[in-house]
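Next comes protein23.cif, with mmCIF, N, CA and C atoms.
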```cif
data_entry
loop_
_atom_site.label_atom_id
_atom_site.label_comp_id
_atom_site.auth_asym_id
_atom_site.auth_seq_id
_atom_site.Cartn_x
_atom_site.Cartn_y
_atom_site.Cartn_z
N MET Z 24 -55.76 -19.17 -49.41
CA MET Z 24 -54.36 -18.94 -49.75
C MET Z 24 -54.19 -19.10 -51.26
N GLU Z 25 -53.42 -18.21 -51.84
CA GLU Z 25 -53.16 -18.25 -53.27
C GLU Z 25 -52.27 -19.45 -53.61
N LYS Z 26 -52.48 -20.03 -54.81
CA LYS Z 26 -51.72 -21.22 -55.20
C LYS Z 26 -50.22 -20.98 -55.17
N ASN Z 27 -49.78 -19.86 -55.73
CA ASN Z 27 -48.35 -19.58 -55.78
C ASN Z 27 -47.76 -19.41 -54.39
N ALA Z 28 -48.48 -18.78 -53.49
CA ALA Z 28 -48.01 -18.61 -52.12
C ALA Z 28 -47.90 -19.97 -51.43
N TYR Z 29 -48.84 -20.86 -51.73
CA TYR Z 29 -48.83 -22.20 -51.15
C TYR Z 29 -47.58 -22.96 -51.63
N LEU Z 30 -47.28 -22.87 -52.93
CA LEU Z 30 -46.09 -23.53 -53.47
C LEU Z 30 -44.81 -22.94 -52.89
N ASP Z 31 -44.80 -21.61 -52.76
CA ASP Z 31 -43.63 -20.95 -52.17
C ASP Z 31 -43.41 -21.39 -50.73
N ALA Z 32 -44.49 -21.51 -49.97
CA ALA Z 32 -44.39 -21.93 -48.57
C ALA Z 32 -43.85 -23.34 -48.45
N MET Z 33 -44.14 -24.18 -49.43
CA MET Z 33 -43.65 -25.56 -49.41
C MET Z 33 -42.23 -25.67 -49.98
N GLY Z 34 -41.71 -24.56 -50.51
CA GLY Z 34 -40.36 -24.59 -51.07
C GLY Z 34 -40.30 -25.17 -52.46
N ILE Z 35 -41.43 -25.21 -53.15
CA ILE Z 35 -41.47 -25.75 -54.51
C ILE Z 35 -41.29 -24.61 -55.49
N THR Z 36 -40.31 -24.74 -56.34
CA THR Z 36 -40.09 -23.70 -57.34
C THR Z 36 -41.03 -23.92 -58.51
N ARG Z 37 -41.52 -22.84 -59.02
CA ARG Z 37 -42.45 -22.92 -60.15
C ARG Z 37 -41.68 -23.12 -61.44
N TRP Z 38 -42.37 -23.72 -62.39
CA TRP Z 38 -41.79 -23.98 -63.70
C TRP Z 38 -41.67 -22.67 -64.47
N LYS Z 39 -40.54 -22.50 -65.12
CA LYS Z 39 -40.33 -21.34 -65.98
C LYS Z 39 -39.97 -21.85 -67.36
N LYS Z 40 -40.44 -21.15 -68.35
CA LYS Z 40 -40.11 -21.53 -69.71
C LYS Z 40 -38.61 -21.34 -69.93
N ALA Z 41 -37.99 -22.35 -70.52
CA ALA Z 41 -36.55 -22.31 -70.74
C ALA Z 41 -36.19 -21.24 -71.76
N ILE Z 42 -35.11 -20.56 -71.48
CA ILE Z 42 -34.58 -19.57 -72.41
C ILE Z 42 -33.64 -20.32 -73.35
N PRO Z 43 -33.87 -20.22 -74.66
CA PRO Z 43 -33.02 -20.99 -75.58
C PRO Z 43 -31.57 -20.55 -75.50
N GLN Z 44 -30.68 -21.53 -75.46
CA GLN Z 44 -29.25 -21.24 -75.44
C GLN Z 44 -28.81 -20.85 -76.84
N ALA Z 45 -27.63 -20.33 -76.94
CA ALA Z 45 -27.08 -20.00 -78.25
C ALA Z 45 -27.01 -21.28 -79.08
N ASP Z 46 -27.09 -21.14 -80.36
CA ASP Z 46 -27.06 -22.29 -81.25
C ASP Z 46 -25.72 -23.00 -81.09
N ILE Z 47 -25.77 -24.21 -80.55
CA ILE Z 47 -24.55 -24.99 -80.35
C ILE Z 47 -24.15 -25.63 -81.67
N MET Z 48 -22.92 -25.42 -82.07
CA MET Z 48 -22.41 -25.97 -83.32
C MET Z 48 -21.52 -27.17 -83.01
N THR Z 49 -21.49 -28.12 -83.92
CA THR Z 49 -20.73 -29.35 -83.72
C THR Z 49 -19.51 -29.38 -84.62
N VAL Z 50 -18.40 -29.77 -84.03
CA VAL Z 50 -17.16 -30.02 -84.77
C VAL Z 50 -16.90 -31.51 -84.65
N LEU Z 51 -16.91 -32.20 -85.79
CA LEU Z 51 -16.68 -33.64 -85.79
C LEU Z 51 -15.19 -33.92 -85.85
N VAL Z 52 -14.74 -34.80 -84.96
CA VAL Z 52 -13.32 -35.09 -84.80
C VAL Z 52 -13.11 -36.59 -84.96
N ASN Z 53 -11.97 -36.96 -85.53
CA ASN Z 53 -11.59 -38.36 -85.63
C ASN Z 53 -11.55 -38.94 -84.22
N PRO Z 54 -12.14 -40.14 -84.01
CA PRO Z 54 -12.17 -40.71 -82.66
C PRO Z 54 -10.79 -40.85 -82.01
N LEU Z 55 -9.77 -41.07 -82.81
CA LEU Z 55 -8.42 -41.21 -82.26
C LEU Z 55 -7.82 -39.87 -81.86
N ARG Z 56 -8.43 -38.76 -82.29
CA ARG Z 56 -7.89 -37.42 -82.04
C ARG Z 56 -8.79 -36.57 -81.14
N ILE Z 57 -9.73 -37.17 -80.45
CA ILE Z 57 -10.67 -36.40 -79.62
C ILE Z 57 -9.94 -35.67 -78.49
N LYS Z 58 -8.79 -36.15 -78.08
CA LYS Z 58 -8.02 -35.50 -77.01
C LYS Z 58 -7.22 -34.30 -77.52
N ASP Z 59 -7.12 -34.15 -78.84
CA ASP Z 59 -6.30 -33.09 -79.43
C ASP Z 59 -7.09 -31.82 -79.75
N VAL Z 60 -8.26 -31.65 -79.17
CA VAL Z 60 -9.11 -30.50 -79.52
C VAL Z 60 -8.61 -29.18 -78.93
N ASP Z 61 -7.56 -29.21 -78.14
CA ASP Z 61 -7.00 -27.99 -77.57
C ASP Z 61 -5.98 -27.32 -78.49
N SER Z 62 -5.80 -27.86 -79.67
CA SER Z 62 -4.83 -27.31 -80.61
C SER Z 62 -5.19 -25.87 -80.99
N PRO Z 63 -4.19 -24.99 -81.05
CA PRO Z 63 -4.48 -23.60 -81.43
C PRO Z 63 -5.05 -23.47 -82.84
N ILE Z 64 -4.75 -24.43 -83.71
CA ILE Z 64 -5.30 -24.39 -85.08
C ILE Z 64 -6.82 -24.40 -85.04
N ILE Z 65 -7.39 -25.18 -84.16
CA ILE Z 65 -8.86 -25.28 -84.08
C ILE Z 65 -9.47 -23.93 -83.71
N GLY Z 66 -8.91 -23.27 -82.72
CA GLY Z 66 -9.43 -21.97 -82.32
C GLY Z 66 -9.30 -20.93 -83.42
N ILE Z 67 -8.19 -20.96 -84.14
CA ILE Z 67 -7.97 -20.00 -85.23
C ILE Z 67 -8.97 -20.23 -86.36
N VAL Z 68 -9.13 -21.49 -86.77
CA VAL Z 68 -10.06 -21.80 -87.86
C VAL Z 68 -11.49 -21.41 -87.48
N LEU Z 69 -11.90 -21.75 -86.26
CA LEU Z 69 -13.26 -21.41 -85.83
C LEU Z 69 -13.48 -19.90 -85.83
N SER Z 70 -12.49 -19.15 -85.37
CA SER Z 70 -12.66 -17.69 -85.37
C SER Z 70 -12.70 -17.13 -86.79
N LEU Z 71 -11.92 -17.71 -87.70
CA LEU Z 71 -11.92 -17.23 -89.09
C LEU Z 71 -13.25 -17.49 -89.80
N ILE Z 72 -13.92 -18.58 -89.44
CA ILE Z 72 -15.21 -18.86 -90.09
C ILE Z 72 -16.38 -18.27 -89.31
N GLY Z 73 -16.06 -17.52 -88.26
CA GLY Z 73 -17.10 -16.80 -87.53
C GLY Z 73 -17.80 -17.61 -86.46
N ALA Z 74 -17.14 -18.62 -85.94
CA ALA Z 74 -17.74 -19.45 -84.89
C ALA Z 74 -17.00 -19.23 -83.58
N ASP Z 75 -17.74 -19.18 -82.49
CA ASP Z 75 -17.16 -19.02 -81.16
C ASP Z 75 -16.89 -20.41 -80.60
N VAL Z 76 -15.67 -20.66 -80.20
CA VAL Z 76 -15.31 -21.98 -79.68
C VAL Z 76 -16.14 -22.34 -78.44
N ASN Z 77 -16.61 -21.33 -77.72
CA ASN Z 77 -17.44 -21.59 -76.54
C ASN Z 77 -18.84 -22.07 -76.90
N HIS Z 78 -19.24 -21.88 -78.15
CA HIS Z 78 -20.55 -22.36 -78.61
C HIS Z 78 -20.41 -23.60 -79.47
N CYS Z 79 -19.27 -24.29 -79.36
CA CYS Z 79 -19.03 -25.50 -80.14
C CYS Z 79 -18.88 -26.69 -79.21
N ARG Z 80 -19.33 -27.82 -79.70
CA ARG Z 80 -19.08 -29.06 -78.98
C ARG Z 80 -18.33 -29.98 -79.93
N PHE Z 81 -17.44 -30.77 -79.39
CA PHE Z 81 -16.63 -31.68 -80.19
C PHE Z 81 -17.17 -33.09 -80.02
N ALA Z 82 -17.37 -33.78 -81.14
CA ALA Z 82 -17.96 -35.12 -81.10
C ALA Z 82 -17.35 -35.98 -82.20
N VAL Z 83 -17.50 -37.29 -82.06
CA VAL Z 83 -16.98 -38.21 -83.07
C VAL Z 83 -18.04 -38.53 -84.12
N ARG Z 84 -19.31 -38.27 -83.82
CA ARG Z 84 -20.39 -38.45 -84.80
C ARG Z 84 -21.46 -37.41 -84.56
N ALA Z 85 -22.17 -37.09 -85.63
CA ALA Z 85 -23.21 -36.06 -85.54
C ALA Z 85 -24.48 -36.64 -84.95
N GLU Z 86 -25.09 -35.88 -84.06
CA GLU Z 86 -26.39 -36.26 -83.52
C GLU Z 86 -27.47 -35.75 -84.47
N VAL Z 87 -28.62 -36.37 -84.41
CA VAL Z 87 -29.74 -35.95 -85.25
C VAL Z 87 -30.10 -34.51 -84.90
N GLY Z 88 -30.20 -33.68 -85.91
CA GLY Z 88 -30.57 -32.28 -85.71
C GLY Z 88 -29.43 -31.36 -85.31
N SER Z 89 -28.22 -31.89 -85.20
CA SER Z 89 -27.10 -31.03 -84.81
C SER Z 89 -26.60 -30.25 -86.03
N ARG Z 90 -26.02 -29.11 -85.76
CA ARG Z 90 -25.49 -28.23 -86.81
C ARG Z 90 -23.98 -28.42 -86.89
N VAL Z 91 -23.54 -29.20 -87.86
CA VAL Z 91 -22.12 -29.48 -88.03
C VAL Z 91 -21.50 -28.35 -88.85
N ILE Z 92 -20.46 -27.72 -88.30
CA ILE Z 92 -19.80 -26.65 -89.05
C ILE Z 92 -18.41 -27.06 -89.54
N TRP Z 93 -17.83 -28.10 -88.94
CA TRP Z 93 -16.50 -28.54 -89.36
C TRP Z 93 -16.40 -30.04 -89.14
N ASP Z 94 -16.02 -30.74 -90.19
CA ASP Z 94 -15.83 -32.19 -90.12
C ASP Z 94 -14.37 -32.47 -90.40
N MET Z 95 -13.63 -32.81 -89.36
CA MET Z 95 -12.21 -33.10 -89.55
C MET Z 95 -11.90 -34.55 -89.19
N ARG Z 96 -12.72 -35.43 -89.77
CA ARG Z 96 -12.51 -36.86 -89.55
C ARG Z 96 -11.74 -37.50 -90.68
N GLY Z 97 -11.21 -36.70 -91.59
CA GLY Z 97 -10.41 -37.24 -92.69
C GLY Z 97 -11.25 -38.00 -93.69
N LYS Z 98 -10.94 -39.28 -93.89
CA LYS Z 98 -11.63 -40.10 -94.89
C LYS Z 98 -13.08 -40.36 -94.52
N GLN Z 99 -13.44 -40.27 -93.26
CA GLN Z 99 -14.82 -40.48 -92.82
C GLN Z 99 -15.69 -39.24 -93.01
N ALA Z 100 -15.07 -38.12 -93.34
CA ALA Z 100 -15.79 -36.85 -93.42
C ALA Z 100 -16.82 -36.87 -94.54
N VAL Z 101 -17.95 -36.21 -94.27
CA VAL Z 101 -19.02 -36.09 -95.25
C VAL Z 101 -18.97 -34.67 -95.81
N SER Z 102 -18.79 -34.56 -97.11
CA SER Z 102 -18.68 -33.24 -97.75
C SER Z 102 -20.03 -32.55 -97.81
N GLY Z 103 -19.98 -31.24 -97.84
CA GLY Z 103 -21.18 -30.43 -97.96
C GLY Z 103 -20.82 -28.97 -97.96
N VAL Z 104 -21.68 -28.14 -98.56
CA VAL Z 104 -21.40 -26.70 -98.60
C VAL Z 104 -21.71 -26.03 -97.27
N ASP Z 105 -22.38 -26.75 -96.39
CA ASP Z 105 -22.77 -26.18 -95.10
C ASP Z 105 -21.74 -26.43 -94.01
N ARG Z 106 -20.59 -26.97 -94.38
CA ARG Z 106 -19.56 -27.28 -93.38
C ARG Z 106 -18.17 -27.23 -94.00
N VAL Z 107 -17.20 -27.03 -93.15
CA VAL Z 107 -15.79 -27.10 -93.54
C VAL Z 107 -15.36 -28.55 -93.37
N VAL Z 108 -14.64 -29.07 -94.34
CA VAL Z 108 -14.15 -30.45 -94.27
C VAL Z 108 -12.63 -30.41 -94.34
N SER Z 109 -11.97 -31.19 -93.47
CA SER Z 109 -10.51 -31.19 -93.49
C SER Z 109 -9.97 -32.52 -93.00
N ALA Z 110 -8.66 -32.62 -93.08
CA ALA Z 110 -7.94 -33.76 -92.52
C ALA Z 110 -7.99 -33.67 -90.99
N PRO Z 111 -7.70 -34.76 -90.30
CA PRO Z 111 -7.64 -34.71 -88.83
C PRO Z 111 -6.58 -33.72 -88.34
N ILE Z 112 -6.69 -33.31 -87.11
CA ILE Z 112 -5.84 -32.26 -86.54
C ILE Z 112 -4.36 -32.61 -86.60
N ASN Z 113 -4.01 -33.87 -86.40
CA ASN Z 113 -2.59 -34.24 -86.44
C ASN Z 113 -2.00 -34.02 -87.83
N GLU Z 114 -2.80 -34.25 -88.89
CA GLU Z 114 -2.32 -33.99 -90.25
C GLU Z 114 -2.25 -32.49 -90.53
N LEU Z 115 -3.21 -31.74 -90.00
CA LEU Z 115 -3.18 -30.28 -90.19
C LEU Z 115 -1.95 -29.66 -89.55
N GLU Z 116 -1.53 -30.21 -88.42
CA GLU Z 116 -0.37 -29.67 -87.72
C GLU Z 116 0.94 -30.00 -88.43
N SER Z 117 0.95 -31.07 -89.25
CA SER Z 117 2.22 -31.50 -89.83
C SER Z 117 2.29 -31.39 -91.36
N SER Z 118 1.17 -31.22 -92.03
CA SER Z 118 1.17 -31.27 -93.48
C SER Z 118 0.75 -29.94 -94.10
N VAL Z 119 1.60 -29.41 -94.97
CA VAL Z 119 1.29 -28.17 -95.68
C VAL Z 119 0.12 -28.39 -96.63
N GLU Z 120 0.08 -29.55 -97.29
CA GLU Z 120 -1.01 -29.85 -98.23
C GLU Z 120 -2.36 -29.89 -97.51
N ALA Z 121 -2.39 -30.45 -96.31
CA ALA Z 121 -3.64 -30.50 -95.54
C ALA Z 121 -4.10 -29.09 -95.17
N LYS Z 122 -3.15 -28.22 -94.84
CA LYS Z 122 -3.49 -26.83 -94.51
C LYS Z 122 -4.02 -26.09 -95.74
N ARG Z 123 -3.41 -26.33 -96.90
CA ARG Z 123 -3.88 -25.70 -98.13
C ARG Z 123 -5.31 -26.15 -98.46
N ALA Z 124 -5.55 -27.45 -98.33
CA ALA Z 124 -6.89 -27.97 -98.61
C ALA Z 124 -7.91 -27.39 -97.63
N LEU Z 125 -7.53 -27.25 -96.37
CA LEU Z 125 -8.41 -26.64 -95.37
C LEU Z 125 -8.71 -25.19 -95.74
N TRP Z 126 -7.69 -24.44 -96.13
CA TRP Z 126 -7.88 -23.04 -96.48
C TRP Z 126 -8.84 -22.91 -97.67
N ALA Z 127 -8.67 -23.75 -98.69
CA ALA Z 127 -9.56 -23.72 -99.85
C ALA Z 127 -10.99 -24.05 -99.44
N ASN Z 128 -11.14 -25.03 -98.57
CA ASN Z 128 -12.47 -25.41 -98.11
C ASN Z 128 -13.10 -24.32 -97.25
N MET Z 129 -12.29 -23.65 -96.45
CA MET Z 129 -12.80 -22.54 -95.63
C MET Z 129 -13.31 -21.41 -96.52
N GLN Z 130 -12.58 -21.10 -97.59
CA GLN Z 130 -13.00 -20.04 -98.49
C GLN Z 130 -14.34 -20.38 -99.15
N ALA Z 131 -14.50 -21.62 -99.60
CA ALA Z 131 -15.76 -22.05 -100.21
C ALA Z 131 -16.90 -21.97 -99.20
N TYR Z 132 -16.62 -22.35 -97.96
CA TYR Z 132 -17.64 -22.30 -96.90
C TYR Z 132 -18.06 -20.85 -96.63
N MET Z 133 -17.09 -19.96 -96.53
CA MET Z 133 -17.41 -18.55 -96.24
C MET Z 133 -18.16 -17.90 -97.40
N LEU Z 134 -17.83 -18.26 -98.63
CA LEU Z 134 -18.57 -17.74 -99.79
C LEU Z 134 -20.01 -18.24 -99.79
N SER Z 135 -20.21 -19.50 -99.42
CA SER Z 135 -21.58 -20.03 -99.38
C SER Z 135 -22.40 -19.39 -98.26
N LYS Z 136 -21.74 -18.97 -97.18
CA LYS Z 136 -22.44 -18.29 -96.09
C LYS Z 136 -22.89 -16.90 -96.50
N GLU Z 137 -22.09 -16.24 -97.33
CA GLU Z 137 -22.41 -14.88 -97.77
C GLU Z 137 -23.55 -14.86 -98.77
N ALA Z 138 -23.69 -15.94 -99.54
CA ALA Z 138 -24.73 -15.98 -100.59
C ALA Z 138 -26.12 -16.14 -100.02
#
```

Since I need it in another form, could you write the structure as structure tokens?
Amino acid sequence: MEKNAYLDAMGITRWKKAIPQADIMTVLVNPLRIKDVDSPIIGIVLSLIGADVNHCRFAVRAEVGSRVIWDMRGKQAVSGVDRVVSAPINELESSVEAKRALWANMQAYMLSKEA
């Protein structure tokens, strides 16, 4: 009896090489605002910078090797050209200055992506 037929007869599924999922991007959120990730502002910003919200995960801290595209933890945020940095979502919803700063940071991020 062939090995594969023997495994099939026993109901054992054979190992298959995993197909890599789409690159999951991380959006860092202030721990106090983790419940506010349904805000329409988040979806709009992600679409403007070319990210699909379905390929994003929301977290309070970055895991090793994760690709952070937006850090909206406010004062805890780590600046970098590889990510958008902004105030927390509650400030973005209420403050014009926070929105202006976000827009300026988004433009710098998009320019660095094009280069």

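Distance check against Gly103 (chain Z) using only N, CA and C atoms: of Z:Arg56, Z:Leu125, Z:Tyr132, Z:Gly66, the minimum falls on Z:Tyr132.
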
Practice task
Name the residues that the PyMOL selection byres ((chain Z and resi 80) around 6) picks from the file above, as a PyMOL selection string, using the file's chain letters and numbers.
Solution key: chain Z and resi 47-50+78-79+81-82

Handout entry: alpha helix (DSSP H) positions in chain Z, given as a PyMOL selection string
Key = chain Z and resi 26-33+63-71+112-117+119-137

Fill in the blank from the handout: atom C of Gly73 (chain Z) sits from CA of Leu55 (chain Z) at a separation of 25.7 Å

Practice task
Identify which of the residues Z:Asp75, Z:Glu25, Z:Glu86, Z:Asp105 lies closest to Ser135 (chain Z), counting only N, CA and C atoms when measuring atom-to-atom distances.
Solution key: Z:Asp105

Exercise for the section: Translate the PyMOL selection byres ((chain Z and resi 94) around 7), as applied to the file shown, into an explicit residue set as an NGL selection string. Expected result: :Z and (49-52 or 91-93 or 95-97 or 100-101 or 106-110)

Problem - Two-atom distance - atom C of Pro111 (chain Z), CA of Ile64 (chain Z) (Å) - result: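 Interatomic distance here is 10.0 Å.
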
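Comparing the minimum interatomic distances between Arg84 (chain Z) and each of Z:Ala32, Z:Leu71, Z:Val119, Z:Ile57, counting only C-alpha atoms, we find that Z:Ile57 sits nearest.
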
Problem - Separation of CA of Asn128 (chain Z) from atom C of Val68 (chain Z) in Å - result: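 Between atom C of Val68 (chain Z) and CA of Asn128 (chain Z) the gap is 11.4 Å.
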
Exercise for the section: If you run DSSP over the backbone, which residues in region 31-137 of chain Z end up strand (DSSP E or B)? Put them as a list in words. Expected result: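 Filtering region 31-137 of chain Z to strand (DSSP E or B) leaves Met48, Thr49, Val50, Leu51, Val52, Cys79, Arg80, Phe81, Ala82, Arg90, Val91, Ile92, Trp93, Asp94, Met95, Val107 and Val108 of chain Z.
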
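Among the candidate residues Z:Ile112, Z:Ala74, Z:Ala28, Z:Ala85, the one lying nearest to Ser62 (chain Z) is Z:Ile112, with distances computed using all atoms listed in the file.
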